[in-house]
Amino acid sequence: MKQIEDVVRDRGSRYAVSGGPVQSRAGVDGFLTDLKRAKKYAKATHNTWAVVLSDGGAVKNDDGESGAGAVILKMLERAGLVDHIVVVTRWYGGVHLGGDRFAHVVTSVRAYLAALG
């Protein structure tokens with residue numbers, strides 16, 4: 001599992017991004033379980049994620065951050081990243097960010113993809 005913490009801070013909200021290889025929907029569930037073993041990720045406001053599975057198409061979850069999963073999925077498809085989950089975690093800081101939250105999701109996924117090389 002690769003993790004980058006404090007990718008973005010805005011009006012009290014903090015973003016992190018995590019990811020790693022998965023082979024199936026069961027692998028996705030296992031990855032999310034492992035991520036949430038860390039208390040701070042389990043208590044995060046949102047853990048939005050997406051993955052393109054070679055055997056089952058695209059899967060995404062907004063985890064309450066409406067539309068964020070679709071943003072991550074589109075970026076993974078564009079990058080050609082298959083069988084690799086990317087999770088953007090947000091700890092809500094008390095101020096609504098409006099459309100800026102999508103920019104922060106994009107920034108987080110870009111940081112992750114750049115770290116992959």
# chains A, B, ... in the order shown; residues from 1 in each chain; ligands from 1
call {"tool": "residues_around", "arguments": {"residues": "Val7 (chain A)", "least_positions_apart": "5", "cutoff": "6 Å", "atoms": "only C-alpha atoms", "output": "PDB file with C-alpha atoms, in the first residue's frame"}}
result
ATOM      1  CA  TYR A  15      -6.719  15.176   2.113  1.00  0.00           C
ATOM      2  CA  ALA A  16      -4.626  12.038   1.762  1.00  0.00           C
ATOM      3  CA  SER A 108      -4.670  14.040  -4.738  1.00  0.00           C
TER       4      SER A 108
END
call {"tool": "select_by_dssp", "arguments": {"residues": "chain A", "states": "strand (DSSP E)", "output": "NGL selection string"}}
result
:A and (2-10 or 13-21 or 46-53 or 57-61 or 84-91)
call {"tool": "closest_atom_pairs", "arguments": {"of": "region 1-27 of chain A", "to": "region 61-75 of chain A", "cutoff": "12 Å", "atoms": "only C-alpha atoms", "output": "Markdown table"}}
result
| residue | atom | partner | partner_atom | distance |
| --- | --- | --- | --- | --- |
| A:Val17 | CA | A:Ile72 | CA | 10.9 |
| A:Ser18 | CA | A:Ile72 | CA | 12.0 |
| A:Gly19 | CA | A:Ile72 | CA | 11.6 |
call {"tool": "closest_residue", "arguments": {"among": "A:Ala42, A:Val52, A:Val105, A:Val88", "to": "Leu76 (chain A)", "atoms": "only C-alpha atoms"}}
result
A:Val52
call {"tool": "residues_around", "arguments": {"residues": "Arg25 (chain A)", "least_positions_apart": "4", "cutoff": "9 Å", "atoms": "only C-alpha atoms", "output": "MDAnalysis selection string"}}
result
chainID A and resid 29:30 53 56 59
call {"tool": "write_last_selection", "arguments": {"atoms": "C-alpha atoms", "output": "CSV table (one decimal), in the first residue's frame"}}
result
chain,number,residue,atom,x,y,z
A,29,ASP,CA,-12.8,-5.0,0.2
A,30,GLY,CA,-9.6,-6.3,1.7
A,53,LEU,CA,-10.7,-4.3,-12.7
A,56,GLY,CA,-15.1,-6.9,-13.7
A,59,VAL,CA,-16.1,0.1,-9.6
call {"tool": "closest_residue", "arguments": {"among": "A:His96, A:Arg14, A:Lys36, A:His84", "to": "Tyr112 (chain A)", "atoms": "only C-alpha atoms"}}
result
A:His84
call {"tool": "residues_around", "arguments": {"residues": "Gly12 (chain A)", "least_positions_apart": "4", "cutoff": "7 Å", "atoms": "only C-alpha atoms", "output": "ChimeraX atom specification"}}
result
/A:92-94
call {"tool": "atom_distance", "arguments": {"atom1": "CA of Asp34 (chain A)", "atom2": "CA of Ser13 (chain A)"}}
result
23.0 Å
call {"tool": "atom_distance", "arguments": {"atom1": "CA of Val51 (chain A)", "atom2": "CA of His104 (chain A)"}}
result
18.6 Å
call {"tool": "atom_distance", "arguments": {"atom1": "CA of Phe31 (chain A)", "atom2": "CA of Gly99 (chain A)"}}
result
28.3 Å
call {"tool": "closest_residue", "arguments": {"among": "A:Ala50, A:Ala44, A:Ala58, A:Leu116", "to": "Thr89 (chain A)", "atoms": "only C-alpha atoms"}}
result
A:Ala44
call {"tool": "select_by_dssp", "arguments": {"residues": "chain A", "states": "helix (DSSP H, G or I)", "output": "ChimeraX atom specification"}}
result
/A:25-35,39-42,68-79,100-116
